[in-house]
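Have a look at the structure below, then the notes.
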Amino acid sequence: MKKKLENTFSWSVSRDSVFRECPRKYYFNYYGHWGGWQSDADRRTRQIYVLKQLKNRATWIGQVVHACIARSLHNVSRGVPLLAVDEIRSITLSGMRRDFRDSTDGRYWQKPRVYHGFFEHEYDVEVSKEEWKEAADTIDHCLKTFYESETFEALRTLDSKDYLEVEEFSSTGLDGVEISNKLDCATRERDLAIVWDWKTGRREADTGLSLQMACYAYYAKQAFRVDLAHVETRRFDLYRNKLHKDSIRENAMQEMLDYVRGSMKDMLGLLDDPDRNVAREERFQKVERSAVCLKCNFLKVCMPSL
Ligand code: SF4
């Protein structure tokens, strides 16, 4: 018999970021959408579920680039021959065109996990042809940077046994709570566990970056059974073609763990029943700041007047 899906509590960097941005948005993302995939879901739950899957141009860029690189690295790690770079780019381009068509057709309202939906289309945000082209060009530029890089050359020729993980949902624990992760890639190099992170943003990432890297290192230390001194993070800024190598010190790790414990307490403190992960919408305040709300997927169900 199929096990019933349960909404259990876990902590992640992205969950923390949504919680800090707006508690009500956090509620919609992690509780309000639950069950929205079922055919008998009520109208509002279904709506929250569909809106949750929308991507804006920036997140779409990251999604397309990550998926393309993950596919290549999965193949490399399983000894499957790689396609020529031009072919990879052209397949990606047709996928991008399909996403755009699916979104303008509004097909995501039927199958939001299958068909792409842009925030810009759902909310009638004016985007010029040049701006759409710029997004597509950024994807192409990031892919070109990656496939022509020394990093890719090194990964391409790496022995399969030195691949530790490629884009897998994984987790570790802290004080009995699951900490969720998805590493872009992890490899072994001599006695080091290398955690790779691809960045595609036009603006240099800074907020939450050290927290994210420390969480990755915490996971790598346990999952790959190495001590912290043997974990190295490598962040590849594909937009600027810059590779940043780093390691996490013990005191930074402790700071991260203290932060995570505090963040978990804040989240659990708003639940009606933390043991059963039961939440009630009214307990999660709305941030109500137009700078945040006008970019929020849930605007329609939260503040229709805006
Ligand atoms: S519309 Fe504003 S208040 Fe409502 S969930 Fe989104 S960010 Fe929060």
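Residue names in the structure tokens use chain letters A, B, ... in the order shown, residue numbers from 1 in each chain, and ligand numbers from 1 in the order shown.
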
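With only C-alpha atoms taken into account, the protein and nucleic acid residues at most 10 Å from Ser14 in chain A (excluding it and anything under 3 positions from it in its own chain) are Trp11, Ser17, Val18, Phe19, Arg20, Ser180, Asn181, Gly208 and Gln212 of chain A.
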
DSSP helix (DSSP H, G or I) residues within range 163-263 of chain A, listed as a PDB file with N, CA and C atoms, in the first residue's frame:
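selection.pdb, freshly written:
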```pdb
ATOM      1  N   LEU A 209      25.012  33.794   1.528  1.00  0.00           N
ATOM      2  CA  LEU A 209      26.006  32.937   0.889  1.00  0.00           C
ATOM      3  C   LEU A 209      26.850  32.164   1.901  1.00  0.00           C
ATOM      4  N   SER A 210      27.344  32.870   2.939  1.00  0.00           N
ATOM      5  CA  SER A 210      28.205  32.179   3.908  1.00  0.00           C
ATOM      6  C   SER A 210      27.398  31.130   4.668  1.00  0.00           C
ATOM      7  N   LEU A 211      26.113  31.427   4.914  1.00  0.00           N
ATOM      8  CA  LEU A 211      25.252  30.452   5.593  1.00  0.00           C
ATOM      9  C   LEU A 211      25.092  29.209   4.708  1.00  0.00           C
ATOM     10  N   GLN A 212      24.858  29.454   3.438  1.00  0.00           N
ATOM     11  CA  GLN A 212      24.666  28.338   2.512  1.00  0.00           C
ATOM     12  C   GLN A 212      25.926  27.469   2.421  1.00  0.00           C
ATOM     13  N   MET A 213      27.075  28.121   2.299  1.00  0.00           N
ATOM     14  CA  MET A 213      28.324  27.376   2.165  1.00  0.00           C
ATOM     15  C   MET A 213      28.621  26.582   3.440  1.00  0.00           C
ATOM     16  N   ALA A 214      28.344  27.197   4.601  1.00  0.00           N
ATOM     17  CA  ALA A 214      28.588  26.491   5.870  1.00  0.00           C
ATOM     18  C   ALA A 214      27.650  25.282   5.987  1.00  0.00           C
ATOM     19  N   CYS A 215      26.411  25.437   5.521  1.00  0.00           N
ATOM     20  CA  CYS A 215      25.458  24.302   5.568  1.00  0.00           C
ATOM     21  C   CYS A 215      25.935  23.174   4.651  1.00  0.00           C
ATOM     22  N   TYR A 216      26.419  23.544   3.473  1.00  0.00           N
ATOM     23  CA  TYR A 216      26.941  22.527   2.555  1.00  0.00           C
ATOM     24  C   TYR A 216      28.103  21.778   3.212  1.00  0.00           C
ATOM     25  N   ALA A 217      28.992  22.554   3.845  1.00  0.00           N
ATOM     26  CA  ALA A 217      30.167  21.930   4.466  1.00  0.00           C
ATOM     27  C   ALA A 217      29.738  21.007   5.611  1.00  0.00           C
ATOM     28  N   TYR A 218      28.733  21.439   6.362  1.00  0.00           N
ATOM     29  CA  TYR A 218      28.218  20.618   7.473  1.00  0.00           C
ATOM     30  C   TYR A 218      27.695  19.280   6.936  1.00  0.00           C
ATOM     31  N   TYR A 219      26.980  19.382   5.823  1.00  0.00           N
ATOM     32  CA  TYR A 219      26.440  18.165   5.202  1.00  0.00           C
ATOM     33  C   TYR A 219      27.581  17.287   4.669  1.00  0.00           C
ATOM     34  N   ALA A 220      28.520  17.916   3.942  1.00  0.00           N
ATOM     35  CA  ALA A 220      29.606  17.157   3.298  1.00  0.00           C
ATOM     36  C   ALA A 220      30.442  16.414   4.332  1.00  0.00           C
ATOM     37  N   LYS A 221      30.685  17.096   5.439  1.00  0.00           N
ATOM     38  CA  LYS A 221      31.489  16.500   6.516  1.00  0.00           C
ATOM     39  C   LYS A 221      30.875  15.168   6.970  1.00  0.00           C
ATOM     40  N   GLN A 222      29.547  15.169   7.111  1.00  0.00           N
ATOM     41  CA  GLN A 222      28.898  13.947   7.592  1.00  0.00           C
ATOM     42  C   GLN A 222      28.661  12.939   6.477  1.00  0.00           C
ATOM     43  N   ALA A 223      28.185  13.435   5.345  1.00  0.00           N
ATOM     44  CA  ALA A 223      27.825  12.506   4.275  1.00  0.00           C
ATOM     45  C   ALA A 223      29.055  11.828   3.680  1.00  0.00           C
ATOM     46  N   LEU A 228      36.250  18.677   8.784  1.00  0.00           N
ATOM     47  CA  LEU A 228      35.948  19.971   8.170  1.00  0.00           C
ATOM     48  C   LEU A 228      37.133  20.527   7.366  1.00  0.00           C
ATOM     49  N   ALA A 229      38.326  20.276   7.851  1.00  0.00           N
ATOM     50  CA  ALA A 229      39.520  20.793   7.168  1.00  0.00           C
ATOM     51  C   ALA A 229      39.670  20.174   5.773  1.00  0.00           C
ATOM     52  N   HIS A 230      38.946  19.069   5.539  1.00  0.00           N
ATOM     53  CA  HIS A 230      39.047  18.420   4.229  1.00  0.00           C
ATOM     54  C   HIS A 230      37.808  18.650   3.358  1.00  0.00           C
ATOM     55  N   GLU A 250      36.093  26.100  11.857  1.00  0.00           N
ATOM     56  CA  GLU A 250      35.268  25.528  12.937  1.00  0.00           C
ATOM     57  C   GLU A 250      34.381  26.596  13.594  1.00  0.00           C
ATOM     58  N   ASN A 251      34.926  27.806  13.820  1.00  0.00           N
ATOM     59  CA  ASN A 251      34.095  28.820  14.494  1.00  0.00           C
ATOM     60  C   ASN A 251      32.944  29.302  13.592  1.00  0.00           C
ATOM     61  N   ALA A 252      33.191  29.356  12.277  1.00  0.00           N
ATOM     62  CA  ALA A 252      32.109  29.744  11.350  1.00  0.00           C
ATOM     63  C   ALA A 252      31.029  28.657  11.350  1.00  0.00           C
ATOM     64  N   MET A 253      31.457  27.415  11.471  1.00  0.00           N
ATOM     65  CA  MET A 253      30.506  26.299  11.519  1.00  0.00           C
ATOM     66  C   MET A 253      29.643  26.398  12.784  1.00  0.00           C
ATOM     67  N   GLN A 254      30.284  26.720  13.900  1.00  0.00           N
ATOM     68  CA  GLN A 254      29.535  26.858  15.151  1.00  0.00           C
ATOM     69  C   GLN A 254      28.529  27.997  15.045  1.00  0.00           C
ATOM     70  N   GLU A 255      28.969  29.105  14.455  1.00  0.00           N
ATOM     71  CA  GLU A 255      28.064  30.258  14.271  1.00  0.00           C
ATOM     72  C   GLU A 255      26.863  29.837  13.437  1.00  0.00           C
ATOM     73  N   MET A 256      27.130  29.078  12.373  1.00  0.00           N
ATOM     74  CA  MET A 256      26.044  28.628  11.492  1.00  0.00           C
ATOM     75  C   MET A 256      25.071  27.753  12.279  1.00  0.00           C
ATOM     76  N   LEU A 257      25.617  26.846  13.089  1.00  0.00           N
ATOM     77  CA  LEU A 257      24.734  25.942  13.829  1.00  0.00           C
ATOM     78  C   LEU A 257      23.879  26.725  14.830  1.00  0.00           C
ATOM     79  N   ASP A 258      24.477  27.725  15.473  1.00  0.00           N
ATOM     80  CA  ASP A 258      23.702  28.559  16.413  1.00  0.00           C
ATOM     81  C   ASP A 258      22.584  29.277  15.666  1.00  0.00           C
ATOM     82  N   TYR A 259      22.938  29.801  14.490  1.00  0.00           N
ATOM     83  CA  TYR A 259      21.936  30.514  13.695  1.00  0.00           C
ATOM     84  C   TYR A 259      20.792  29.583  13.307  1.00  0.00           C
ATOM     85  N   VAL A 260      21.144  28.383  12.849  1.00  0.00           N
ATOM     86  CA  VAL A 260      20.117  27.433  12.398  1.00  0.00           C
ATOM     87  C   VAL A 260      19.204  27.047  13.565  1.00  0.00           C
ATOM     88  N   ARG A 261      19.791  26.831  14.726  1.00  0.00           N
ATOM     89  CA  ARG A 261      18.974  26.480  15.894  1.00  0.00           C
ATOM     90  C   ARG A 261      17.968  27.593  16.200  1.00  0.00           C
ATOM     91  N   GLY A 262      18.442  28.853  16.128  1.00  0.00           N
ATOM     92  CA  GLY A 262      17.561  29.994  16.393  1.00  0.00           C
ATOM     93  C   GLY A 262      16.458  30.072  15.344  1.00  0.00           C
ATOM     94  N   SER A 263      16.837  29.893  14.091  1.00  0.00           N
ATOM     95  CA  SER A 263      15.872  29.979  12.995  1.00  0.00           C
ATOM     96  C   SER A 263      14.808  28.877  13.122  1.00  0.00           C
TER      97      SER A 263
END
```

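Atom pair CA of Trp132 in chain A / CA of Leu299 in chain A has a distance of 22.7 Å (rounded to one decimal).
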
Could you produce a table of the residues of chain A lying within 12 Å of ligand 1, with the nearest pair of atoms per residue and their separation in Å rounded to one decimal, using only C-alpha atoms and all ligand atoms, ordered by chain and increasing residue number, as a tab-separated table?
```
residue	atom	partner	partner_atom_place_in_ligand_line	distance
A:Val18	CA	ligand 1	7 (S)	9.1
A:Phe19	CA	ligand 1	8 (Fe)	9.7
A:Arg20	CA	ligand 1	8 (Fe)	10.4
A:Glu21	CA	ligand 1	7 (S)	7.1
A:Cys22	CA	ligand 1	8 (Fe)	4.8
A:Pro23	CA	ligand 1	8 (Fe)	6.7
A:Arg24	CA	ligand 1	5 (S)	4.7
A:Lys25	CA	ligand 1	5 (S)	3.7
A:Tyr26	CA	ligand 1	5 (S)	7.4
A:Tyr27	CA	ligand 1	5 (S)	8.0
A:Phe28	CA	ligand 1	5 (S)	7.1
A:Asn29	CA	ligand 1	5 (S)	9.0
A:Tyr30	CA	ligand 1	5 (S)	11.9
A:Gly32	CA	ligand 1	5 (S)	10.8
A:Ile48	CA	ligand 1	5 (S)	10.5
A:Leu51	CA	ligand 1	6 (Fe)	11.0
A:Lys52	CA	ligand 1	5 (S)	10.9
A:Glu281	CA	ligand 1	5 (S)	10.5
A:Glu282	CA	ligand 1	5 (S)	11.7
A:Phe284	CA	ligand 1	8 (Fe)	9.2
A:Gln285	CA	ligand 1	3 (S)	7.4
A:Lys286	CA	ligand 1	3 (S)	3.8
A:Val287	CA	ligand 1	3 (S)	4.5
A:Glu288	CA	ligand 1	3 (S)	4.4
A:Arg289	CA	ligand 1	2 (Fe)	6.4
A:Ser290	CA	ligand 1	2 (Fe)	7.1
A:Ala291	CA	ligand 1	7 (S)	8.7
A:Val292	CA	ligand 1	7 (S)	5.3
A:Cys293	CA	ligand 1	2 (Fe)	3.6
A:Leu294	CA	ligand 1	1 (S)	6.8
A:Lys295	CA	ligand 1	7 (S)	7.5
A:Cys296	CA	ligand 1	6 (Fe)	4.6
A:Asn297	CA	ligand 1	6 (Fe)	6.6
A:Phe298	CA	ligand 1	6 (Fe)	5.2
A:Leu299	CA	ligand 1	1 (S)	3.9
A:Lys300	CA	ligand 1	1 (S)	7.4
A:Val301	CA	ligand 1	4 (Fe)	7.7
A:Cys302	CA	ligand 1	4 (Fe)	4.6
A:Met303	CA	ligand 1	1 (S)	5.7
A:Pro304	CA	ligand 1	1 (S)	8.5
A:Ser305	CA	ligand 1	1 (S)	10.2
A:Leu306	CA	ligand 1	1 (S)	8.4
```

Could you jot down the CA of Arg203 in chain A to CA of Glu134 in chain A separation for me, Å, one decimal place? 14.5 Å

Residues of range 120-265 of chain A classed as strand (DSSP E or B) by DSSP on the backbone are to be reported as an NGL selection string. :A and (163-165 or 169-174 or 177-182 or 185-189 or 192-199 or 231-237 or 242-246)

Have a look at CA of Ile248 in chain A and CA of Leu164 in chain A and let me know their distance in Å, one decimal.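 These two atoms are separated by 19.2 Å.
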
Can you pull out the residues contacting Lys111 in chain A? Cut-off 12 Å, using only C-alpha atoms, and skip same-chain residues under 3 positions away; I want them as a tab-separated table (two decimals) with C-alpha atoms, in the first residue's frame.
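Output (out_38.tsv):
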```
chain	number	residue	atom	x	y	z
A	36	GLY	CA	-3.15	21.32	-3.92
A	37	TRP	CA	-2.13	18.61	-6.40
A	38	GLN	CA	-5.14	16.45	-5.50
A	39	SER	CA	-8.17	16.46	-7.77
A	46	ARG	CA	-5.14	24.60	-5.64
A	47	GLN	CA	-4.44	28.24	-6.48
A	49	TYR	CA	-0.18	25.24	-5.14
A	50	VAL	CA	-0.06	26.54	-8.72
A	51	LEU	CA	1.27	29.97	-7.74
A	53	GLN	CA	5.53	26.82	-8.84
A	54	LEU	CA	5.79	30.12	-10.75
A	102	ASP	CA	3.62	26.88	-22.18
A	103	SER	CA	3.61	29.90	-19.96
A	106	GLY	CA	-1.35	29.30	-19.31
A	107	ARG	CA	-1.02	25.49	-19.41
A	108	TYR	CA	0.59	25.50	-15.96
A	114	VAL	CA	4.92	19.78	-15.99
A	115	TYR	CA	4.41	23.12	-17.73
A	116	HIS	CA	6.43	26.19	-16.93
A	117	GLY	CA	4.66	29.29	-15.64
```

Hey, which of A:Arg71, A:Asp184, A:His121, A:Tyr31 ends up closest to Thr45 in chain A? Count only C-alpha atoms.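 Under the stated criterion, the closest residue is A:Tyr31.
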
Please list as a list in words every residue within 9 Å of Asp197 in chain A, counting only C-alpha atoms and excluding residues in the same chain fewer than 3 positions away. Leu183, Asp184, Cys185, Ala186, Met213, Thr233, Arg234, Arg235, Phe236 and Asp237 of chain A

Range 88-172 of chain A near range 59-65 of chain A within 7 Å: what's each residue's closest atom pair and its distance in Å to one decimal, counting only C-alpha atoms, ordered by chain then ascending residue number, as CSV?
```
residue,atom,partner,partner_atom,distance
A:Ala135,CA,A:Ile61,CA,6.8
A:Ile139,CA,A:Ile61,CA,5.7
A:Leu143,CA,A:Val65,CA,6.5
```

Keeping only N, CA and C atoms, write the selected residues as a PDB file, in the first residue's frame.
```pdb
ATOM      1  N   ALA A 135      17.359  37.567 -21.003  1.00  0.00           N
ATOM      2  CA  ALA A 135      17.309  36.403 -20.097  1.00  0.00           C
ATOM      3  C   ALA A 135      17.827  35.156 -20.826  1.00  0.00           C
ATOM      4  N   ILE A 139      21.356  32.817 -20.108  1.00  0.00           N
ATOM      5  CA  ILE A 139      21.433  31.358 -19.986  1.00  0.00           C
ATOM      6  C   ILE A 139      22.530  30.838 -20.919  1.00  0.00           C
ATOM      7  N   LEU A 143      26.055  28.966 -19.846  1.00  0.00           N
ATOM      8  CA  LEU A 143      26.368  27.608 -20.316  1.00  0.00           C
ATOM      9  C   LEU A 143      27.687  27.591 -21.079  1.00  0.00           C
TER      10      LEU A 143
END
```

Write out as a list in words the residues lying within 12 Å of range 125-130 of chain A, counting only C-alpha atoms and excluding same-chain residues fewer than 5 positions away.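 These residues fall inside the cut-off: Asn56, Arg57, Phe118, Phe119, Glu120, Ala135, Ala136, Asp137, Leu294 and Lys295 of chain A.
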
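Near Lys161 in chain A, within 12 Å and counting only C-alpha atoms, sit Val76, Ser77, Arg78, Gly79, Leu155, Thr157, Leu158, Leu164, Glu165, Ala186, Thr187, Arg188 and Glu189 of chain A; same-chain residues fewer than 3 positions away were not included.
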